[in-house]
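Peer 1: So here's run.cif (mmCIF, C-alpha atoms).
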```cif
data_upload
#
loop_
_atom_site.label_atom_id
_atom_site.label_comp_id
_atom_site.auth_asym_id
_atom_site.auth_seq_id
_atom_site.Cartn_x
_atom_site.Cartn_y
_atom_site.Cartn_z
CA MET A 1 -16.08 -13.54 1.06
CA THR A 2 -12.94 -14.33 -0.92
CA VAL A 3 -10.21 -11.68 -1.07
CA THR A 4 -7.30 -12.23 -3.44
CA ILE A 5 -4.38 -10.17 -4.66
CA ARG A 6 -2.53 -10.23 -7.97
CA ARG A 7 -0.19 -8.05 -9.95
CA ALA A 8 -2.05 -5.35 -11.82
CA ARG A 9 -2.33 -5.69 -15.59
CA SER A 10 -2.70 -3.03 -18.24
CA ASP A 11 -6.46 -3.68 -18.42
CA ASP A 12 -6.67 -2.61 -14.74
CA ALA A 13 -5.27 0.86 -15.42
CA ASP A 14 -8.59 2.67 -15.79
CA PHE A 15 -9.94 1.15 -12.55
CA LEU A 16 -6.73 2.11 -10.72
CA VAL A 17 -6.78 5.68 -12.03
CA ASP A 18 -10.43 6.11 -11.03
CA LEU A 19 -9.68 4.64 -7.58
CA VAL A 20 -6.68 6.84 -6.75
CA ARG A 21 -8.57 9.93 -7.95
CA HIS A 22 -11.71 9.07 -5.94
CA GLU A 23 -12.65 11.90 -3.58
CA ASP A 24 -12.66 9.52 -0.58
CA VAL A 25 -9.25 8.05 -1.48
CA GLU A 26 -7.04 10.77 -3.01
CA PRO A 27 -6.56 12.91 0.14
CA TYR A 28 -4.91 9.96 1.92
CA LEU A 29 -2.41 8.97 -0.79
CA ALA A 30 0.95 10.54 -1.47
CA PRO A 31 0.65 13.11 -4.26
CA VAL A 32 3.65 11.59 -6.06
CA ARG A 33 1.77 8.37 -6.81
CA ALA A 34 0.76 7.62 -10.40
CA LYS A 35 -2.60 9.25 -11.00
CA GLY A 36 -2.85 9.50 -14.77
CA ARG A 37 -3.45 6.64 -17.18
CA ASP A 38 -0.01 6.85 -18.82
CA GLU A 39 1.73 6.99 -15.43
CA MET A 40 -0.31 4.04 -14.23
CA LEU A 41 0.55 2.02 -17.32
CA GLU A 42 4.24 2.83 -16.77
CA ALA A 43 4.01 1.64 -13.16
CA ILE A 44 2.27 -1.57 -14.23
CA ALA A 45 4.94 -2.19 -16.88
CA ARG A 46 7.67 -1.64 -14.28
CA SER A 47 5.89 -4.10 -11.96
CA ASP A 48 6.00 -6.70 -14.75
CA SER A 49 9.60 -6.04 -15.77
CA ASP A 50 11.13 -5.94 -12.26
CA PRO A 51 8.77 -8.01 -10.09
CA GLU A 52 11.20 -8.54 -7.21
CA ALA A 53 11.90 -4.84 -6.76
CA PHE A 54 8.60 -3.15 -7.56
CA GLY A 55 4.96 -4.07 -7.59
CA VAL A 56 1.53 -2.67 -8.31
CA PHE A 57 -1.07 -5.09 -7.00
CA LEU A 58 -4.80 -5.33 -7.39
CA ILE A 59 -7.12 -6.43 -4.60
CA GLU A 60 -10.14 -8.43 -5.71
CA VAL A 61 -13.24 -9.47 -3.81
CA GLU A 62 -15.05 -12.43 -5.33
CA GLY A 63 -13.17 -11.66 -8.56
CA GLU A 64 -14.27 -8.01 -8.66
CA ARG A 65 -11.70 -5.19 -8.57
CA ALA A 66 -11.79 -3.67 -5.10
CA GLY A 67 -8.49 -1.92 -4.38
CA THR A 68 -4.76 -1.64 -4.80
CA MET A 69 -1.45 -1.63 -2.96
CA GLY A 70 2.19 -1.65 -3.91
CA PHE A 71 5.78 -1.97 -2.85
CA GLU A 72 9.24 -0.86 -3.85
CA ARG A 73 12.54 -2.32 -2.73
CA SER A 74 14.40 0.23 -0.63
CA ASN A 75 17.42 -1.85 0.37
CA ALA A 76 18.52 -4.94 -1.56
CA ARG A 77 21.25 -6.09 0.82
CA SER A 78 19.02 -5.90 3.90
CA ARG A 79 15.92 -7.07 1.97
CA ILE A 80 13.67 -4.14 2.90
CA ALA A 81 10.55 -3.10 0.99
CA ASN A 82 8.58 0.12 1.32
CA LEU A 83 4.84 -0.39 1.10
CA GLY A 84 2.39 2.19 -0.07
CA GLY A 85 -0.68 3.11 -1.95
CA LEU A 86 -3.12 0.87 -0.10
CA ALA A 87 -6.54 1.96 -1.26
CA VAL A 88 -9.81 0.09 -1.03
CA HIS A 89 -12.77 1.40 -2.98
CA PRO A 90 -15.38 2.82 -0.57
CA ASP A 91 -17.91 0.22 -1.79
CA PHE A 92 -15.74 -2.50 -0.22
CA ARG A 93 -14.85 -0.86 3.09
CA GLY A 94 -15.93 -2.28 6.42
CA ALA A 95 -15.59 -5.94 5.47
CA ASN A 96 -11.93 -6.45 6.48
CA VAL A 97 -10.87 -6.39 2.82
CA ALA A 98 -7.79 -4.26 3.54
CA ASP A 99 -6.72 -6.40 6.50
CA THR A 100 -7.06 -9.65 4.56
CA ALA A 101 -5.30 -8.23 1.51
CA ALA A 102 -2.47 -6.84 3.68
CA ARG A 103 -1.83 -10.26 5.22
CA LEU A 104 -1.77 -11.89 1.78
CA PHE A 105 0.62 -9.19 0.59
CA GLN A 106 2.91 -9.64 3.60
CA ARG A 107 3.12 -13.39 2.94
CA HIS A 108 3.90 -12.76 -0.72
CA LEU A 109 6.69 -10.31 0.11
CA PHE A 110 8.24 -12.46 2.82
CA ASP A 111 7.70 -15.95 1.41
CA ALA A 112 7.74 -15.53 -2.37
CA LEU A 113 10.07 -12.54 -2.74
CA GLY A 114 12.35 -13.12 0.26
CA TYR A 115 12.04 -9.77 2.00
CA HIS A 116 13.06 -9.58 5.66
CA ARG A 117 11.37 -6.27 6.52
CA VAL A 118 8.45 -4.31 5.14
CA GLN A 119 7.78 -0.76 6.21
CA MET A 120 5.45 2.08 5.50
CA GLU A 121 4.70 5.65 6.43
CA ILE A 122 1.19 6.94 7.01
CA TYR A 123 0.03 10.54 7.21
CA GLY A 124 -0.65 11.45 10.85
CA PHE A 125 -4.21 12.50 10.07
CA ASN A 126 -5.07 9.09 8.56
CA GLU A 127 -6.32 7.39 11.71
CA ARG A 128 -8.15 4.68 9.76
CA ALA A 129 -4.90 3.62 8.06
CA MET A 130 -3.02 3.58 11.36
CA ARG A 131 -5.66 1.34 12.94
CA HIS A 132 -5.41 -0.91 9.88
CA ALA A 133 -1.60 -1.11 10.14
CA GLU A 134 -1.81 -2.23 13.75
CA ARG A 135 -4.54 -4.81 12.99
CA ALA A 136 -2.34 -6.13 10.16
CA GLY A 137 0.53 -6.73 12.60
CA PHE A 138 2.73 -3.69 12.02
CA THR A 139 4.61 -2.05 14.88
CA ARG A 140 4.49 1.71 15.20
CA GLU A 141 8.14 2.75 15.18
CA GLY A 142 8.14 6.51 15.23
CA VAL A 143 6.93 9.81 13.89
CA ARG A 144 8.46 12.28 11.47
CA ARG A 145 7.04 15.49 12.85
CA LYS A 146 5.52 17.89 10.32
CA ALA A 147 7.38 16.14 7.53
CA TYR A 148 4.97 16.60 4.63
CA TRP A 149 3.02 19.45 3.08
CA ARG A 150 -0.38 17.89 2.43
CA ASN A 151 -3.86 19.36 2.17
CA ASP A 152 -2.47 22.87 2.77
CA GLU A 153 -0.72 22.11 6.05
CA TRP A 154 2.34 20.38 7.49
CA VAL A 155 1.51 16.86 8.62
CA ASP A 156 3.35 14.12 10.47
CA GLY A 157 4.49 10.87 8.90
CA VAL A 158 3.94 7.87 11.19
CA LEU A 159 6.39 5.02 10.60
CA TYR A 160 5.41 1.35 10.79
CA GLY A 161 7.48 -1.79 10.32
CA LEU A 162 7.05 -5.54 10.19
CA VAL A 163 9.80 -8.14 10.05
CA SER A 164 9.47 -11.72 8.89
CA GLU A 165 9.86 -13.04 12.45
CA ASP A 166 6.74 -11.10 13.45
CA LEU A 167 4.68 -13.23 11.08
CA ASP A 168 6.45 -16.41 12.12
CA ALA A 169 5.52 -15.69 15.75
CA THR A 170 1.83 -15.20 14.98
CA GLY A 171 1.52 -17.99 12.43
#
```
Can you give me the file's structure in the form of structure tokens?

Peer 2:
Amino acid sequence: MTVTIRRARSDDADFLVDLVRHEDVEPYLAPVRAKGRDEMLEAIARSDSDPEAFGVFLIEVEGERAGTMGFERSNARSRIANLGGLAVHPDFRGANVADTAARLFQRHLFDALGYHRVQMEIYGFNERAMRHAERAGFTREGVRRKAYWRNDEWVDGVLYGLVSEDLDATG
């Protein structure tokens, strides 16, 4: 199975909107993410116009749209990117698509864009995403207790980080 990633294009917007609104995906994503077609097109345009600071990426399996992920520069001087919005369509789960795509994404951010650190925050109830983060090489760095109002309750935010040396050490 071949997993690839690429920047999203405007013709991907409908797929992306359907994916982030999917009943098995939406509860796990931050509510501030683009969810409408116009918002998605704006995010894609921003990804094209400022590719070193912001990105909306598409995950493909054998050339078929399978998921998404993104990043935003949080600190230019220290070369830190915040990752977010990883979502794999339920039809493609269980085949290590997310893990493979995450490793490709890490290499792109470190090697092509020159980031030193990538980090993300995962809702404390999203055990599947936390297992994925650890399989993809991230280090659990801490917890923001009851930091977010989500699904009608306060939930923790679990912090993960990865620095370029971590990838260098594992090859």

Peer 1: So which one's closest to Ala102 in chain A, A:Glu134, A:Asp12, A:Glu127, A:Glu121? Using only C-alpha atoms, please.

Peer 2: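 The shortest atom-to-atom distance to Ala102 in chain A comes from A:Glu134.
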
Peer 1: Given all atoms listed in the file, how would the per-residue table for range 66-119 of chain A near range 137-141 of chain A read, listing every residue at most 10 Å away with its closest atom pair and distance in Å to one decimal, sorted by chain and number, as a tab-separated table?

Peer 2:
```
residue	atom	partner	partner_atom	distance
A:Asp99	CA	A:Gly137	CA	9.5
A:Ala102	CA	A:Gly137	CA	9.4
A:Arg103	CA	A:Gly137	CA	8.5
A:Gln106	CA	A:Gly137	CA	9.8
A:Val118	CA	A:Phe138	CA	9.0
A:Gln119	CA	A:Phe138	CA	8.2
```

Peer 1: For the file shown, report as number ranges by chain the outcome of the PyMOL selection byres ((chain A and resi 128) around 12) at residue level.

Peer 2: A: 25, 28, 86-88, 93-94, 98-99, 122-127, 129-135

Peer 1: To one decimal in Å, tell me the separation between CA of Gly67 in chain A and CA of Arg107 in chain A.

Peer 2: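 Between these atoms lies a distance of 17.9 Å.
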
Peer 1: Quick one: residues within 12 Å of Arg77 in chain A, all atoms listed in the file, excluding same-chain residues fewer than 3 positions away - as a list in words?

Peer 2: Arg73, Ser74, Ile80, Ala81, Gly114, Tyr115, His116 and Arg117 of chain A

Peer 1: For a quick check of understanding, using only C-alpha atoms, which of A:Val163, A:Val97, A:Val32, A:Leu58 has the smallest distance to Leu109 in chain A?

Peer 2: A:Val163

Peer 1: Report, in Å with one decimal, the straight-line distance from CA of Asp50 in chain A to CA of Gly70 in chain A.

Peer 2: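 CA of Gly70 in chain A lies 13.0 Å from CA of Asp50 in chain A.
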